[in-house]
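File shown: structure02.cif (mmCIF, C-alpha atoms and all ligand atoms).
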```cif
data_start
#
loop_
_atom_site.label_atom_id
_atom_site.label_comp_id
_atom_site.auth_asym_id
_atom_site.auth_seq_id
_atom_site.Cartn_x
_atom_site.Cartn_y
_atom_site.Cartn_z
CA MET O 1483 49.12 6.93 42.85
CA LYS O 1484 48.01 8.16 39.48
CA VAL O 1485 44.76 8.52 37.56
CA LEU O 1486 44.97 8.45 33.78
CA MET O 1487 42.25 10.44 32.03
CA VAL O 1488 41.21 10.65 28.40
CA ASN O 1489 39.47 13.69 26.91
CA GLY O 1490 37.39 12.43 24.01
CA SER O 1491 36.62 15.94 22.80
CA SER O 1492 38.39 17.72 19.96
CA ASN O 1493 38.12 20.90 22.06
CA LYS O 1494 41.27 20.70 24.13
CA THR O 1495 40.09 23.38 26.57
CA GLY O 1496 36.33 22.91 26.25
CA SER O 1497 33.62 21.70 28.60
CA THR O 1498 34.85 18.13 28.99
CA PHE O 1499 38.35 19.34 29.71
CA THR O 1500 36.96 21.80 32.27
CA ALA O 1501 35.16 18.96 34.04
CA LEU O 1502 38.20 16.66 33.96
CA THR O 1503 40.39 19.47 35.28
CA GLU O 1504 38.01 19.98 38.20
CA VAL O 1505 38.36 16.27 39.01
CA GLY O 1506 42.14 16.57 38.67
CA LYS O 1507 42.46 19.52 41.03
CA GLU O 1508 40.59 17.59 43.73
CA LEU O 1509 42.64 14.45 43.09
CA ILE O 1510 45.80 16.46 43.77
CA LEU O 1511 44.32 17.73 47.04
CA ASN O 1512 43.73 14.09 47.94
CA GLY O 1513 47.29 13.04 47.17
CA VAL O 1514 46.67 11.47 43.75
CA GLU O 1515 48.42 12.59 40.54
CA TYR O 1516 46.63 12.77 37.21
CA GLU O 1517 47.32 13.13 33.52
CA ILE O 1518 44.92 13.97 30.70
CA LEU O 1519 45.44 12.42 27.28
CA GLN O 1520 43.85 14.73 24.70
CA LEU O 1521 42.51 12.86 21.69
CA GLY O 1522 42.19 16.18 19.86
CA SER O 1523 40.85 16.53 16.34
CA GLU O 1524 43.04 13.98 14.56
CA SER O 1525 41.14 11.19 12.84
CA GLN O 1526 40.78 8.12 14.97
CA ARG O 1527 41.04 4.53 13.73
CA ASP O 1528 38.29 2.06 14.56
CA CYS O 1529 39.12 -1.45 15.68
CA ILE O 1530 39.01 -3.66 12.56
CA GLY O 1531 38.88 -6.94 14.47
CA CYS O 1532 42.11 -8.18 12.86
CA ARG O 1533 43.11 -9.82 16.17
CA VAL O 1534 46.80 -9.03 15.58
CA CYS O 1535 46.79 -7.80 19.20
CA ARG O 1536 45.99 -11.36 20.32
CA LYS O 1537 49.48 -12.37 19.13
CA THR O 1538 51.49 -9.21 19.75
CA GLY O 1539 49.67 -7.63 22.71
CA LYS O 1540 49.58 -4.37 20.76
CA CYS O 1541 47.10 -2.71 18.41
CA THR O 1542 48.30 -3.01 14.84
CA PHE O 1543 47.57 0.71 14.33
CA ASP O 1544 50.18 2.40 16.48
CA GLU O 1545 48.76 5.88 15.97
CA ASN O 1546 47.08 8.44 18.23
CA GLY O 1547 49.40 7.17 20.99
CA LEU O 1548 47.24 4.09 21.50
CA ASN O 1549 49.89 1.55 22.46
CA GLU O 1550 51.72 4.11 24.58
CA PHE O 1551 48.43 4.82 26.37
CA VAL O 1552 48.00 1.13 27.21
CA GLU O 1553 51.54 1.03 28.57
CA GLN O 1554 50.74 4.09 30.70
CA ALA O 1555 47.56 2.36 31.85
CA ARG O 1556 49.61 -0.56 33.18
CA ILE O 1557 51.32 1.73 35.68
CA SER O 1558 48.23 3.80 36.52
CA ASP O 1559 45.86 3.17 39.42
CA GLY O 1560 42.58 4.51 38.07
CA PHE O 1561 40.92 5.87 34.95
CA ILE O 1562 38.51 8.60 33.96
CA PHE O 1563 37.19 8.74 30.43
CA GLY O 1564 35.55 12.01 29.45
CA SER O 1565 33.45 12.86 26.43
CA PRO O 1566 31.11 15.45 25.01
CA VAL O 1567 27.65 14.08 24.28
CA TYR O 1568 27.06 13.70 20.54
CA TYR O 1569 23.50 12.67 19.61
CA ALA O 1570 23.05 11.14 23.06
CA HIS O 1571 26.19 9.00 22.93
CA PRO O 1572 29.90 9.58 23.65
CA SER O 1573 32.09 10.93 20.86
CA GLY O 1574 32.97 8.39 18.18
CA ARG O 1575 36.64 9.20 18.63
CA LEU O 1576 36.54 8.18 22.29
CA LEU O 1577 34.75 4.92 21.50
CA SER O 1578 37.14 4.05 18.64
CA PHE O 1579 40.12 4.74 20.90
CA LEU O 1580 38.71 2.74 23.83
CA ASP O 1581 37.62 -0.19 21.63
CA ARG O 1582 41.23 -0.58 20.51
CA ALA O 1583 42.70 0.03 23.97
CA PHE O 1584 40.49 -2.50 25.72
CA TYR O 1585 40.60 -5.12 22.94
CA SER O 1586 44.40 -5.02 22.79
CA GLY O 1587 45.20 -4.36 26.43
CA SER O 1588 42.34 -5.06 28.83
CA SER O 1589 44.74 -6.51 31.42
CA ALA O 1590 46.16 -3.00 31.87
CA PHE O 1591 42.80 -1.85 33.22
CA CYS O 1592 41.55 -5.00 34.97
CA SER O 1593 40.36 -4.52 38.58
CA LYS O 1594 41.34 -0.84 38.72
CA PRO O 1595 38.68 1.81 39.42
CA GLY O 1596 37.17 3.66 36.47
CA ALA O 1597 34.76 6.54 36.01
CA SER O 1598 33.07 8.34 33.15
CA VAL O 1599 32.57 12.09 32.79
CA VAL O 1600 30.33 13.61 30.15
CA SER O 1601 29.54 17.12 29.02
CA ALA O 1602 26.40 18.21 27.21
CA ARG O 1603 24.39 21.25 26.29
CA ARG O 1604 21.19 19.60 27.51
CA ALA O 1605 20.48 15.86 27.15
CA GLY O 1606 21.88 12.41 26.42
CA THR O 1607 24.17 12.44 29.43
CA THR O 1608 23.07 9.31 31.27
CA ALA O 1609 22.96 7.27 28.05
CA SER O 1610 26.53 8.38 27.36
CA ILE O 1611 27.65 7.52 30.88
CA ASP O 1612 26.06 4.06 30.53
CA CYS O 1613 27.98 3.53 27.30
CA ILE O 1614 31.39 4.45 28.74
CA ASN O 1615 30.74 2.43 31.90
CA LYS O 1616 30.44 -0.74 29.81
CA TYR O 1617 34.23 -0.73 29.31
CA PHE O 1618 34.65 -0.86 33.08
CA SER O 1619 32.05 -3.51 33.79
CA ILE O 1620 33.52 -6.01 31.30
CA ALA O 1621 37.05 -5.49 32.67
CA SER O 1622 36.30 -6.21 36.35
CA MET O 1623 36.73 -2.55 37.18
CA PRO O 1624 34.88 -0.97 40.10
CA ILE O 1625 32.88 1.97 38.75
CA VAL O 1626 33.33 5.13 40.80
CA GLY O 1627 30.31 7.34 41.30
CA SER O 1628 29.65 10.71 42.83
CA SER O 1629 26.93 12.71 44.57
CA TYR O 1630 25.13 12.91 41.21
CA TRP O 1631 25.70 11.31 37.83
CA THR O 1632 29.08 12.46 36.61
CA MET O 1633 27.99 15.07 34.08
CA VAL O 1634 28.36 18.78 33.48
CA HIS O 1635 26.24 21.07 31.34
CA GLY O 1636 27.48 23.74 28.98
CA ASN O 1637 28.50 24.31 25.39
CA LYS O 1638 31.80 25.88 26.34
CA LYS O 1639 34.12 26.34 29.32
CA GLU O 1640 32.45 29.57 30.53
CA GLU O 1641 29.05 27.89 30.68
CA THR O 1642 30.40 24.75 32.34
CA LEU O 1643 32.00 26.86 35.07
CA GLN O 1644 28.49 28.10 35.92
CA ASP O 1645 27.26 24.53 36.51
CA LEU O 1646 28.06 24.53 40.20
CA GLU O 1647 26.40 21.20 40.96
CA GLY O 1648 28.16 19.59 38.01
CA LEU O 1649 31.54 20.82 39.26
CA GLN O 1650 30.66 19.65 42.76
CA SER O 1651 29.95 16.20 41.31
CA MET O 1652 33.41 16.28 39.70
CA ARG O 1653 35.11 17.08 43.02
CA ASN O 1654 33.13 14.38 44.82
CA LEU O 1655 34.05 11.91 42.10
CA ALA O 1656 37.70 12.73 42.73
CA LYS O 1657 37.30 12.16 46.48
CA ASN O 1658 35.64 8.80 45.88
CA MET O 1659 38.27 7.79 43.32
CA ALA O 1660 41.14 8.72 45.67
CA PHE O 1661 39.50 6.86 48.56
CA LEU O 1662 39.04 3.71 46.50
CA ILE O 1663 42.59 3.74 45.13
CA LYS O 1664 44.00 4.16 48.63
CA SER O 1665 41.69 1.45 49.99
CA ILE O 1666 42.78 -1.03 47.33
CA ASN O 1667 46.44 -0.28 48.09
CA ILE O 1668 45.89 -0.82 51.83
CA ALA O 1669 44.05 -4.06 51.10
CA LYS O 1670 46.97 -5.35 49.01
CA GLU O 1671 49.48 -4.32 51.69
CA ASN O 1672 47.50 -6.36 54.19
CA GLY O 1673 47.39 -9.53 52.11
CA ILE O 1674 43.92 -9.02 50.62
CA ASN O 1675 44.75 -9.64 46.99
CA LEU O 1676 42.71 -9.02 43.89
CA PRO O 1677 40.59 -12.07 42.99
CA THR O 1678 41.90 -14.58 40.46
CA LEU O 1679 39.20 -14.74 37.80
CA GLU O 1680 38.05 -17.84 35.93
CA ARG O 1681 38.62 -17.46 32.18
CA GLU O 1682 38.18 -20.96 30.75
CA HIS O 1683 34.60 -20.71 29.41
CA VAL O 1684 34.09 -18.61 26.28
CA THR O 1685 31.01 -20.06 24.63
CA ASN O 1686 29.71 -17.62 21.98
CA PHE O 1687 26.21 -18.79 23.11
CA ILE O 1688 26.16 -21.75 20.67
CA ARG O 1689 28.19 -24.37 22.54
C1 LIG O 1701 27.86 16.58 16.64
C2 LIG O 1701 27.37 17.11 17.96
C3 LIG O 1701 26.30 16.50 18.58
C4 LIG O 1701 25.83 16.96 19.81
N1 LIG O 1701 24.79 16.29 20.42
C5 LIG O 1701 24.36 16.72 21.62
C6 LIG O 1701 23.32 16.02 22.30
O1 LIG O 1701 22.83 14.98 21.87
N2 LIG O 1701 22.90 16.51 23.49
C7 LIG O 1701 23.43 17.66 24.03
O2 LIG O 1701 22.98 18.07 25.09
N3 LIG O 1701 24.44 18.32 23.43
C8 LIG O 1701 24.93 17.89 22.26
N4 LIG O 1701 25.99 18.52 21.65
C9 LIG O 1701 26.66 19.63 22.38
C10 LIG O 1701 27.90 19.12 23.15
O3 LIG O 1701 27.65 17.93 23.82
C11 LIG O 1701 28.32 20.15 24.20
O4 LIG O 1701 28.57 21.38 23.57
C12 LIG O 1701 29.55 19.69 24.96
O5 LIG O 1701 29.58 20.30 26.22
C13 LIG O 1701 30.87 20.00 24.22
O6 LIG O 1701 31.96 19.54 25.00
P1 LIG O 1701 33.47 19.93 24.60
O7 LIG O 1701 33.59 21.43 24.78
O8 LIG O 1701 34.32 19.19 25.57
O9 LIG O 1701 33.65 19.50 23.20
C14 LIG O 1701 26.46 18.08 20.43
C15 LIG O 1701 27.54 18.70 19.80
C16 LIG O 1701 27.99 18.22 18.57
C17 LIG O 1701 29.16 18.89 17.91
#
```
Write-out of the structure in structure tokens:
Amino acid sequence: MKVLMVNGSSNKTGSTFTALTEVGKELILNGVEYEILQLGSESQRDCIGCRVCRKTGKCTFDENGLNEFVEQARISDGFIFGSPVYYAHPSGRLLSFLDRAFYSGSSAFCSKPGASVVSARRAGTTASIDCINKYFSIASMPIVGSSYWTMVHGNKKEETLQDLEGLQSMRNLAKNMAFLIKSINIAKENGINLPTLEREHVTNFIR
């Protein structure tokens, strides 16, 4: 059992990383492995809507480890996408990365649990969580919650480590994520399979 995380901050050891690491430590205690993909400070391509992925199954821009990430997602059991809050939304680099990952490879994520984690100095956290959660809700993914919204406060690691309730929320998120992954596995082992979804109607509102 493995959870694949993405850190959408350029600060590889900053507040978002601190929060994701707190989730990871608790996942390990609950028997679930984890890995954090660091997007770092490299420039990040936006999706250009070229639809090449519709033919090849891969994003035409094979940079920032995008296609490799989708392949990793296929063999992962759950996902946590973390981001600093920038002007009350997630980082642009996270959104550009996830737009391309979900547009080119949504089947890798379908029906697997997902959660968002955000870090802020002060505000814009719930709006950012709402934004990240939209990837999950369009891909039939159960959204994993916690004892509070999955946010931490702080401008840097040292401040985030003082946010005791935030860190508690991270640990509780991990417990809920591990429970759900194990529950889904037990369901499958007992013949309760994931639903087969209807896909035939795509109407663009005009027909
Ligand atoms: C461009 C920019 C915009 C920001 N906007 C907000 C904001 O809207 N609300 C807030 O509370 N903090 C804001 N911050 C502060 C970061 O969200 C905060 O420092 C965060 O914890 C950094 O996480 P990191 O260490 O993982 O990069 C902003 C920071 C930057 C660089």
Contact table chain O vs ligand LIG 1701 (chain O), cut-off 10 Å, shortest pair per residue, all atoms listed in the file, as JSON lines:
```
{"residue": "O:Asn1489", "atom": "CA", "partner": "O:LIG1701", "partner_atom": "O8", "distance": 7.7}
{"residue": "O:Gly1490", "atom": "CA", "partner": "O:LIG1701", "partner_atom": "O8", "distance": 7.6}
{"residue": "O:Ser1491", "atom": "CA", "partner": "O:LIG1701", "partner_atom": "O9", "distance": 4.7}
{"residue": "O:Ser1492", "atom": "CA", "partner": "O:LIG1701", "partner_atom": "O9", "distance": 6.0}
{"residue": "O:Asn1493", "atom": "CA", "partner": "O:LIG1701", "partner_atom": "O9", "distance": 4.8}
{"residue": "O:Lys1494", "atom": "CA", "partner": "O:LIG1701", "partner_atom": "O8", "distance": 7.3}
{"residue": "O:Thr1495", "atom": "CA", "partner": "O:LIG1701", "partner_atom": "O7", "distance": 7.0}
{"residue": "O:Gly1496", "atom": "CA", "partner": "O:LIG1701", "partner_atom": "O7", "distance": 3.4}
{"residue": "O:Ser1497", "atom": "CA", "partner": "O:LIG1701", "partner_atom": "O7", "distance": 3.8}
{"residue": "O:Thr1498", "atom": "CA", "partner": "O:LIG1701", "partner_atom": "O8", "distance": 3.6}
{"residue": "O:Phe1499", "atom": "CA", "partner": "O:LIG1701", "partner_atom": "O8", "distance": 5.8}
{"residue": "O:Thr1500", "atom": "CA", "partner": "O:LIG1701", "partner_atom": "O8", "distance": 7.7}
{"residue": "O:Ala1501", "atom": "CA", "partner": "O:LIG1701", "partner_atom": "O8", "distance": 8.5}
{"residue": "O:Leu1502", "atom": "CA", "partner": "O:LIG1701", "partner_atom": "O8", "distance": 9.6}
{"residue": "O:Gly1522", "atom": "CA", "partner": "O:LIG1701", "partner_atom": "O9", "distance": 9.8}
{"residue": "O:Gly1564", "atom": "CA", "partner": "O:LIG1701", "partner_atom": "O8", "distance": 8.3}
{"residue": "O:Ser1565", "atom": "CA", "partner": "O:LIG1701", "partner_atom": "O8", "distance": 6.4}
{"residue": "O:Pro1566", "atom": "CA", "partner": "O:LIG1701", "partner_atom": "O6", "distance": 4.2}
{"residue": "O:Val1567", "atom": "CA", "partner": "O:LIG1701", "partner_atom": "O3", "distance": 3.9}
{"residue": "O:Tyr1568", "atom": "CA", "partner": "O:LIG1701", "partner_atom": "N1", "distance": 3.4}
{"residue": "O:Tyr1569", "atom": "CA", "partner": "O:LIG1701", "partner_atom": "O1", "distance": 3.3}
{"residue": "O:Ala1570", "atom": "CA", "partner": "O:LIG1701", "partner_atom": "O1", "distance": 4.0}
{"residue": "O:His1571", "atom": "CA", "partner": "O:LIG1701", "partner_atom": "O1", "distance": 6.9}
{"residue": "O:Pro1572", "atom": "CA", "partner": "O:LIG1701", "partner_atom": "O3", "distance": 8.6}
{"residue": "O:Ser1573", "atom": "CA", "partner": "O:LIG1701", "partner_atom": "C1", "distance": 8.2}
{"residue": "O:Gly1574", "atom": "CA", "partner": "O:LIG1701", "partner_atom": "C1", "distance": 9.8}
{"residue": "O:Val1600", "atom": "CA", "partner": "O:LIG1701", "partner_atom": "O5", "distance": 7.8}
{"residue": "O:Ser1601", "atom": "CA", "partner": "O:LIG1701", "partner_atom": "O5", "distance": 4.2}
{"residue": "O:Ala1602", "atom": "CA", "partner": "O:LIG1701", "partner_atom": "O3", "distance": 3.6}
{"residue": "O:Arg1603", "atom": "CA", "partner": "O:LIG1701", "partner_atom": "O2", "distance": 3.7}
{"residue": "O:Arg1604", "atom": "CA", "partner": "O:LIG1701", "partner_atom": "O2", "distance": 3.4}
{"residue": "O:Ala1605", "atom": "CA", "partner": "O:LIG1701", "partner_atom": "O2", "distance": 3.9}
{"residue": "O:Gly1606", "atom": "CA", "partner": "O:LIG1701", "partner_atom": "N2", "distance": 5.1}
{"residue": "O:Thr1607", "atom": "CA", "partner": "O:LIG1701", "partner_atom": "O2", "distance": 7.2}
{"residue": "O:Ala1609", "atom": "CA", "partner": "O:LIG1701", "partner_atom": "O1", "distance": 9.9}
{"residue": "O:Ser1610", "atom": "CA", "partner": "O:LIG1701", "partner_atom": "O1", "distance": 9.3}
{"residue": "O:Met1633", "atom": "CA", "partner": "O:LIG1701", "partner_atom": "O5", "distance": 9.6}
{"residue": "O:Val1634", "atom": "CA", "partner": "O:LIG1701", "partner_atom": "O5", "distance": 7.5}
{"residue": "O:His1635", "atom": "CA", "partner": "O:LIG1701", "partner_atom": "O5", "distance": 6.2}
{"residue": "O:Gly1636", "atom": "CA", "partner": "O:LIG1701", "partner_atom": "O5", "distance": 4.9}
{"residue": "O:Asn1637", "atom": "CA", "partner": "O:LIG1701", "partner_atom": "O4", "distance": 3.4}
{"residue": "O:Lys1638", "atom": "CA", "partner": "O:LIG1701", "partner_atom": "O7", "distance": 5.0}
{"residue": "O:Lys1639", "atom": "CA", "partner": "O:LIG1701", "partner_atom": "O7", "distance": 6.7}
{"residue": "O:Glu1641", "atom": "CA", "partner": "O:LIG1701", "partner_atom": "O5", "distance": 8.8}
{"residue": "O:Thr1642", "atom": "CA", "partner": "O:LIG1701", "partner_atom": "O5", "distance": 7.6}
```
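You can rank O:Met1652, O:Ile1688, O:Val1488, O:Leu1580 by their closest distance to Trp1631 in chain O using only C-alpha atoms, and at the top of that list sits O:Met1652.
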Quiz prompt | Point-to-point distance in Å for CA of Glu1680 in chain O and CA of Thr1542 in chain O | solution = 27.7 Å
So that I can see what lies close to Pro1677 in chain O, please list as a PDB file with C-alpha atoms, in the coordinates of the input the residues with an atom at most 12 Å from it, counting only C-alpha atoms and leaving out residues fewer than 5 positions away in the same chain.
```pdb
ATOM      1  CA  CYS O1592      41.550  -5.000  34.970  1.00  0.00           C
ATOM      2  CA  SER O1593      40.360  -4.520  38.580  1.00  0.00           C
ATOM      3  CA  SER O1622      36.300  -6.210  36.350  1.00  0.00           C
ATOM      4  CA  MET O1623      36.730  -2.550  37.180  1.00  0.00           C
ATOM      5  CA  ALA O1669      44.050  -4.060  51.100  1.00  0.00           C
ATOM      6  CA  LYS O1670      46.970  -5.350  49.010  1.00  0.00           C
TER       7      LYS O1670
END
```
Quiz item: What gap, in Å, lies between CA of Cys1613 in chain O and CA of Gly1596 in chain O?
Solution: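 The value is 13.0 Å.
Within 8 Å of Cys1529 in chain O, once all atoms listed in the file are used and residues closer than 3 positions along the same chain are dropped, the contacting residues are O:Cys1532, O:Ser1578, O:Asp1581, O:Arg1582.
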